[in-house]
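Chemist: Shown below is the structure under consideration.
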Protein chains: 2
Amino acid sequence: MPYRPTEKTEARKAETRERIVAAALDQVAEGGYASASVQAVAGRAGLAVGTIYRHFPSKADLFAEVFRRASQRELDVIVEVAAAVDRPASERVAAGAEAFSRRALAGPVLAFALLAEPVDPAVESERLRLRRGYRDAFARVLADGVESGELEAHDVQTLAAVLVGGLGEALVGPLKAHDGRGRREALVASLVQFCLNSLPTRQVQEAAA
Amino acid sequence: MPYRPTEKTEARKAETRERIVAAALDQVAEGGYASASVQAVAGRAGLAVGTIYRHFPSKADLFAEVFRRASQRELDVIVEVAAAVDRPASERVAAGAEAFSRRALAGPVLAFALLAEPVDPAVESERLRLRRGYRDAFARVLADGVESGELEAHDVQTLAAVLVGGLGEALVGPLKAHDGRGRREALVASLVQFCLNSLPTRQVQEAAA
DNA sequence: TGAACTTGCGAATCCTGATTCACTTCTTCC
DNA sequence: GGAAGAAGTGAATCAGGATTCGCAAGTTCA
């Protein structure tokens, strides 16, 4: 039995696969999903089209992985930022909203692809996973806030979805026509403020009552 | 010169065109944009494929019109509801949010198509128009509120976008798995409450200070 | 070296759904 | 009735991007 895959060949294979994923991600980040044909990815990776199919059963599978990775990367930032369990929920929400906004504004094309651009159904499901991830991250913070008495009891899942959707919508417009540094800062500040306002904090509720 | 288009033929032509638009809208409302092939629309309208092309230069044109009309219809409701200039901004926002939510929950598939489903670029632009319309409607109410002193000065456009995006996001999830009447009412109530909370009302700001 | 097998190649092929077009049917008006 | 033109038909064609596949090149090991 003459041939046997060895460590070296495995490594080379993994490396090529990696190169493909990286090229696909670059392509999406640069020109959006619409620009990411298999041809384009192959060209960018310096490989032939057929080679892509040696490593992925279909375009949908490839991009599902690309989106999964990019999403995870984004999500990790938010989760990390919102994880400061010892801080008040309002601060954690503010930090999450700020991180979300800054990252979206920093990589507008990728953010648009991840959040809103039309994609294959198979890839769409990764998008939903990302949104659910964001929502859950915010929901956890809100639930902590309720438990600690900082926030009124409320529909935590729904408010979390509102926050994610609100941030996304407000950012996707500006994502294309990103103005100068100044307006960008102002936008981030506004968004953080709006997110804070929307929280059902105890003191506000009592004062209003 | 033997043939001359007459009132009757014009009427018939317009009627057929109307039938096509209606069939296309029905198809979208029933099975989403994904299900709306030219074949499907023609079949539903009781016409041949070619006939569609006697009335519309392309599928994109047809659906641009379909989306434009459906959007306008939705928008009119919101604008109307939010138009009560003599009422406080908070009430108008609440009414708008409630109408938005109820309509989305009543026609989930259409709402999804209008708000989030992947569509042709040409159709996408109609979607953007709808979102802008919603945003502007809320923005007008907010601006009125600021002018009357009911609300703090703030970035009205951005907050309006946040409201629209927040509502959309929170509704698109439930759009598919719509629970019983009870949960639906609760969802609407939560959303209205969240929208109200997010408003920078004077009294709350002062009380918090 | 060479048998057994993997990876890389890229032009050819396939797929899916929009679009066309030669033809038939209907209207109008002399 | 019949010429002129419009509307309707649907099988055939087209488009463009994903996918295949026969062949070449590279690896492994006896």
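Labels used: A, B, ... for chains in the order of the structure tokens, numbers from 1 for residues in each chain, and numbers from 1 for ligands as shown.
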As a list in words, please: the residues near DG5 (chain D) (cut-off 12 Å, only C-alpha atoms (C1' of nucleotides), same-chain neighbours under 2 positions excluded).

Modeler: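 Surrounding residues, per the criterion: Met1, Pro2, Tyr3, Arg4 and Pro5 of chain B; DC26, DT27, DT28 and DC29 of chain C; DA3 and DA7 of chain D.
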
Chemist: Write the residues you've just listed into a file as a compact mmCIF listing (two decimals), in the first residue's frame, and include C-alpha atoms (C1' of nucleotides) for each of them.

Modeler:
```
# COMPACT_ATOMS: atom_id res chain seq x y z
CA MET B 1 -55.11 53.15 -41.05
CA PRO B 2 -57.30 50.35 -39.71
CA TYR B 3 -56.42 49.86 -36.01
CA ARG B 4 -56.50 52.51 -33.31
CA PRO B 5 -56.22 51.85 -29.58
C1' DC C 26 -58.20 39.48 -31.04
C1' DT C 27 -59.61 44.64 -32.21
C1' DT C 28 -60.39 48.39 -34.91
C1' DC C 29 -61.89 50.74 -38.78
C1' DA D 3 -55.64 45.28 -43.76
C1' DA D 7 -52.01 41.37 -27.11
```

Chemist: Considering only C-alpha atoms (C1' of nucleotides), tabulate each residue of chain C that lies at most 10 Å from chain A along with its nearest interatomic pair and the corresponding distance in Å to one decimal; arrange the rows by chain and ascending residue number and present them as a tab-separated table.

Modeler:
```
residue	atom	partner	partner_atom	distance
C:DG2	C1'	A:Pro2	CA	9.8
C:DA3	C1'	A:Pro2	CA	6.8
C:DA4	C1'	A:Pro2	CA	5.5
C:DC5	C1'	A:Tyr3	CA	5.7
C:DT6	C1'	A:Pro5	CA	8.4
C:DT7	C1'	A:Arg54	CA	7.8
C:DG8	C1'	A:Thr51	CA	6.0
C:DC9	C1'	A:Ala48	CA	5.9
C:DG10	C1'	A:Ala48	CA	6.6
```

Chemist: Just checking: using only C-alpha atoms (C1' of nucleotides), which residue out of C:DT19, C:DT13, C:DT1, C:DT25 ends up closest to DA6 (chain D)?

Modeler: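 Of all the options, C:DT25 lies closest to DA6 (chain D).
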
Chemist: Do a least-squares overlay of chain B on chain A, C-alpha atoms all paired in order, then report the RMSD in Å.

Modeler: 0.1 Å

Chemist: Taking only C-alpha atoms into account, find every residue of chain B that has an atom no more than 9 Å from chain A, and write it out as a PyMOL selection string.

Modeler: chain B and resi 116-121+154-155+157-171+173+187+190-191+194-200+203-205+207-208

Chemist: Using DSSP on the backbone coordinates, identify the residues of region 25-207 of chain A assigned to alpha helix (DSSP H); present them as a ChimeraX atom specification.

Modeler: /A:25-31,38-45,49-55,59-81,89-106,108-115,121-147,156-176,181-198,202-207

Chemist: Keeping C-alpha atoms, export the residues of the selection given above as a tab-separated table (two decimals), in the first residue's frame.

Modeler:
```tsv
chain	number	residue	atom	x	y	z
A	25	LEU	CA	-13.00	36.53	3.51
A	26	ASP	CA	-10.81	39.18	1.92
A	27	GLN	CA	-13.02	39.18	-1.13
A	28	VAL	CA	-16.16	39.68	0.95
A	29	ALA	CA	-14.54	42.35	3.10
A	30	GLU	CA	-13.40	44.19	0.00
A	31	GLY	CA	-16.24	43.83	-2.45
A	38	VAL	CA	-15.77	31.09	-6.93
A	39	GLN	CA	-13.65	32.43	-9.78
A	40	ALA	CA	-12.78	35.52	-7.82
A	41	VAL	CA	-11.87	33.59	-4.71
A	42	ALA	CA	-9.73	31.14	-6.66
A	43	GLY	CA	-7.95	33.97	-8.41
A	44	ARG	CA	-7.28	35.76	-5.15
A	45	ALA	CA	-5.96	32.60	-3.55
A	49	VAL	CA	-11.41	26.88	-9.53
A	50	GLY	CA	-11.36	23.10	-9.32
A	51	THR	CA	-9.03	23.23	-6.34
A	52	ILE	CA	-11.65	25.04	-4.32
A	53	TYR	CA	-13.83	22.01	-4.80
A	54	ARG	CA	-11.11	19.69	-3.54
A	55	HIS	CA	-11.48	21.43	-0.21
A	59	LYS	CA	-19.66	27.38	-2.58
A	60	ALA	CA	-22.33	27.50	0.06
A	61	ASP	CA	-20.22	25.36	2.38
A	62	LEU	CA	-17.18	27.52	1.83
A	63	PHE	CA	-19.01	30.72	2.62
A	64	ALA	CA	-20.87	29.21	5.51
A	65	GLU	CA	-17.47	28.63	7.05
A	66	VAL	CA	-16.24	32.08	6.10
A	67	PHE	CA	-19.26	33.73	7.66
A	68	ARG	CA	-19.07	31.48	10.70
A	69	ARG	CA	-15.51	32.50	11.35
A	70	ALA	CA	-15.99	36.18	10.72
A	71	SER	CA	-19.10	36.15	12.87
A	72	GLN	CA	-17.37	34.38	15.68
A	73	ARG	CA	-14.58	36.90	15.62
A	74	GLU	CA	-17.04	39.78	15.85
A	75	LEU	CA	-19.09	38.09	18.47
A	76	ASP	CA	-16.09	37.33	20.66
A	77	VAL	CA	-15.33	41.01	20.91
A	78	ILE	CA	-18.81	41.88	22.07
A	79	VAL	CA	-19.09	38.98	24.47
A	80	GLU	CA	-15.72	39.83	25.95
A	81	VAL	CA	-16.59	43.49	26.36
A	89	ALA	CA	-25.56	46.37	33.39
A	90	SER	CA	-25.85	49.85	31.95
A	91	GLU	CA	-22.10	50.14	31.64
A	92	ARG	CA	-21.87	46.73	30.07
A	93	VAL	CA	-24.58	47.56	27.54
A	94	ALA	CA	-22.85	50.82	26.73
A	95	ALA	CA	-19.55	49.05	26.21
A	96	GLY	CA	-21.18	46.44	23.99
A	97	ALA	CA	-22.98	49.02	21.91
A	98	GLU	CA	-19.83	51.04	21.50
A	99	ALA	CA	-17.76	48.06	20.44
A	100	PHE	CA	-20.46	46.96	18.02
A	101	SER	CA	-20.62	50.40	16.45
A	102	ARG	CA	-16.91	50.96	16.18
A	103	ARG	CA	-16.26	47.61	14.59
A	104	ALA	CA	-19.05	48.07	12.07
A	105	LEU	CA	-17.78	51.50	11.11
A	106	ALA	CA	-14.23	50.24	10.86
A	108	PRO	CA	-18.20	48.71	6.64
A	109	VAL	CA	-18.29	46.31	3.70
A	110	LEU	CA	-17.79	43.24	5.86
A	111	ALA	CA	-20.28	44.52	8.39
A	112	PHE	CA	-22.83	45.04	5.67
A	113	ALA	CA	-22.24	41.54	4.33
A	114	LEU	CA	-22.51	40.05	7.80
A	115	LEU	CA	-25.61	42.00	8.76
A	121	PRO	CA	-29.85	30.60	2.16
A	122	ALA	CA	-27.14	28.33	3.53
A	123	VAL	CA	-25.05	31.37	4.39
A	124	GLU	CA	-28.08	33.21	5.67
A	125	SER	CA	-28.37	30.72	8.46
A	126	GLU	CA	-24.93	31.74	9.68
A	127	ARG	CA	-26.10	35.30	9.66
A	128	LEU	CA	-29.01	34.38	11.85
A	129	ARG	CA	-26.62	32.63	14.18
A	130	LEU	CA	-24.62	35.85	14.47
A	131	ARG	CA	-27.68	37.93	15.22
A	132	ARG	CA	-28.83	35.43	17.76
A	133	GLY	CA	-25.38	35.55	19.29
A	134	TYR	CA	-25.46	39.31	19.63
A	135	ARG	CA	-28.94	39.16	21.03
A	136	ASP	CA	-28.00	36.54	23.59
A	137	ALA	CA	-24.97	38.51	24.66
A	138	PHE	CA	-27.10	41.57	25.36
A	139	ALA	CA	-29.84	39.43	26.87
A	140	ARG	CA	-27.41	37.99	29.39
A	141	VAL	CA	-26.37	41.44	30.52
A	142	LEU	CA	-29.98	42.53	30.81
A	143	ALA	CA	-30.87	39.44	32.80
A	144	ASP	CA	-27.99	40.13	35.17
A	145	GLY	CA	-29.25	43.67	35.55
A	146	VAL	CA	-32.73	42.47	36.42
A	147	GLU	CA	-31.40	39.97	38.88
A	156	VAL	CA	-35.14	40.53	28.07
A	157	GLN	CA	-34.94	38.64	24.79
A	158	THR	CA	-37.04	41.17	22.96
A	159	LEU	CA	-35.22	44.19	24.28
A	160	ALA	CA	-31.94	42.56	23.35
A	161	ALA	CA	-33.24	42.02	19.81
A	162	VAL	CA	-34.35	45.64	19.67
A	163	LEU	CA	-30.89	46.81	20.66
A	164	VAL	CA	-29.17	44.65	18.05
A	165	GLY	CA	-31.61	45.63	15.32
A	166	GLY	CA	-31.49	49.28	16.24
A	167	LEU	CA	-27.71	49.39	16.15
A	168	GLY	CA	-27.59	47.48	12.89
A	169	GLU	CA	-30.13	49.65	11.15
A	170	ALA	CA	-28.56	52.90	12.29
A	171	LEU	CA	-25.15	51.71	11.18
A	172	VAL	CA	-25.94	50.04	7.87
A	173	GLY	CA	-27.03	53.31	6.32
A	174	PRO	CA	-23.87	55.19	7.27
A	175	LEU	CA	-21.83	52.08	6.46
A	176	LYS	CA	-21.52	53.17	2.87
A	181	ARG	CA	-13.90	61.08	12.07
A	182	GLY	CA	-15.99	63.71	13.79
A	183	ARG	CA	-19.40	62.61	12.63
A	184	ARG	CA	-18.43	59.04	13.27
A	185	GLU	CA	-17.68	59.77	16.91
A	186	ALA	CA	-20.92	61.64	17.24
A	187	LEU	CA	-22.83	58.71	15.79
A	188	VAL	CA	-21.25	56.27	18.21
A	189	ALA	CA	-22.03	58.58	21.11
A	190	SER	CA	-25.65	58.93	20.03
A	191	LEU	CA	-26.10	55.21	19.66
A	192	VAL	CA	-24.63	54.44	23.05
A	193	GLN	CA	-26.87	57.06	24.59
A	194	PHE	CA	-29.97	55.68	22.91
A	195	CYS	CA	-29.18	52.17	24.09
A	196	LEU	CA	-28.77	53.42	27.63
A	197	ASN	CA	-32.02	55.34	27.49
A	198	SER	CA	-33.91	52.26	26.39
A	202	ARG	CA	-35.13	51.30	38.42
A	203	GLN	CA	-34.37	54.89	39.34
A	204	VAL	CA	-35.91	56.32	36.18
A	205	GLN	CA	-39.03	54.24	36.52
A	206	GLU	CA	-39.47	55.32	40.15
A	207	ALA	CA	-38.78	58.95	39.46
```

Chemist: Write out as JSON, numbers by chain every residue belonging to chain D that has an atom at most 9 Å from any atom of chain A, counting only C-alpha atoms (C1' of nucleotides).

Modeler: {"D": [17, 18, 19, 20, 27, 28, 29, 30]}
